[in-house]
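Structure first, then comments.
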Amino acid sequence: MDIELTQNAEYLLCVLYKAYVERSESAEFADIAAYFGGSEDIQQDYITNWSTDKIDNAAWELSRKGLLATQSGDDAVCQSALTDDGIAYMERRFGRKLDTLLQRLATLRTVLLG
């Protein structure tokens, strides 16, 4: 699956996939581990230095690519979950090797946050 993503969308996907891997290793059910709530939840739990608008835009991009399921309300993401395709895409890309994923997150963080 050859998918082009903006750096913001890639960063969000990497952050959510890292959380998914960590949650699923702690014996959570896969569907629960893949659920992340809305943009406010994601901001609070994972990317505190991003606005909810920035999270919404990245999430909608991932949704258009079929990697993240989203539900919107009041012009914001109110529900989100990694899709099976999103998980498979990241598994092919990183497997469960968090060290490689963490390196990519660090690179993206440097590029995006300066």
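The chains in the structure tokens are called A, B, ... from first to last as shown; in each chain the residues are counted from 1, and the ligands are counted from 1 in the order shown.
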
Residues within 10 Å of Arg109 (chain A), please, as a compact mmCIF listing (two decimals) with N, CA and C atoms, in the first residue's frame. Count only C-alpha atoms; anything in the same chain fewer than 5 positions from it doesn't count.
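This is the output file part_25.txt:
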# COMPACT_ATOMS: atom_id res chain seq x y z
N GLN A 7 3.40 15.54 6.66
CA GLN A 7 4.15 15.24 7.88
C GLN A 7 3.26 15.28 9.12
N ASN A 8 2.30 16.20 9.15
CA ASN A 8 1.39 16.26 10.30
C ASN A 8 0.57 14.97 10.42
N TYR A 11 2.80 12.10 11.51
CA TYR A 11 3.12 12.20 12.93
C TYR A 11 1.95 11.71 13.77
N GLN A 103 12.21 6.39 16.59
CA GLN A 103 13.17 7.18 15.81
C GLN A 103 12.43 8.06 14.80
N ARG A 104 11.44 7.48 14.12
CA ARG A 104 10.67 8.25 13.14
C ARG A 104 9.88 9.37 13.84
N GLY A 114 10.44 22.19 15.27
CA GLY A 114 11.63 23.04 15.12
C GLY A 114 12.65 22.85 16.13

Check your understanding: What are the DSSP strand (DSSP E or B) residues of chain A, as a ChimeraX atom specification?
Key -> /A:35,68-73,76-82

How about saving the chosen residues, C-alpha atoms kept, as a compact mmCIF listing (two decimals), in the first residue's frame?
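Result file is again39.txt:
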# COMPACT_ATOMS: atom_id res chain seq x y z
CA TYR A 35 -9.99 3.72 19.84
CA LEU A 68 -8.35 6.29 10.65
CA ALA A 69 -12.11 6.07 11.13
CA THR A 70 -13.55 9.38 12.31
CA GLN A 71 -16.90 10.80 13.28
CA SER A 72 -17.34 14.54 13.26
CA GLY A 73 -19.55 16.86 15.20
CA ALA A 76 -14.38 18.66 14.98
CA VAL A 77 -13.39 15.02 15.27
CA CYS A 78 -15.46 13.62 18.13
CA GLN A 79 -14.60 9.92 17.69
CA SER A 80 -11.62 8.19 16.09
CA ALA A 81 -10.10 4.75 15.79
CA LEU A 82 -7.32 3.21 13.77

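Minimum atom-to-atom distance to Ala9 (chain A), evaluated using only C-alpha atoms, belongs to A:Asp56 out of A:Asp41, A:Asp99, A:Asp84, A:Asp56.
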
**Prompt:** In chain A, what's alpha helix (DSSP H) per DSSP? Answer as a PyMOL selection string?
**Reply:** chain A and resi 7-25+30-33+39-45+52-64+84-94+98-113

Min atom-atom distance to Leu13 (chain A) from the set A:Glu25, A:Ile32, A:Leu62, A:Ile47, counting only C-alpha atoms, belongs to A:Leu62

For Gly37 (chain A), the closest of A:Ala106, A:Ile55, A:Leu98, A:Ile3 counting only C-alpha atoms is A:Ile55

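If only C-alpha atoms are the atoms counted, then among A:Thr100, A:Thr83, A:Gln44, A:Thr110 the closest residue to Asp31 (chain A) is A:Thr83.
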
Using only C-alpha atoms, the best pick from A:Glu4, A:Glu61, A:Glu91, A:Asp53 as closest to Asp74 (chain A) would be A:Asp53

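Residue nearest Gln43 (chain A), chosen from A:Ser24, A:Leu113, A:Val15, A:Arg64 and counting only C-alpha atoms: A:Val15.
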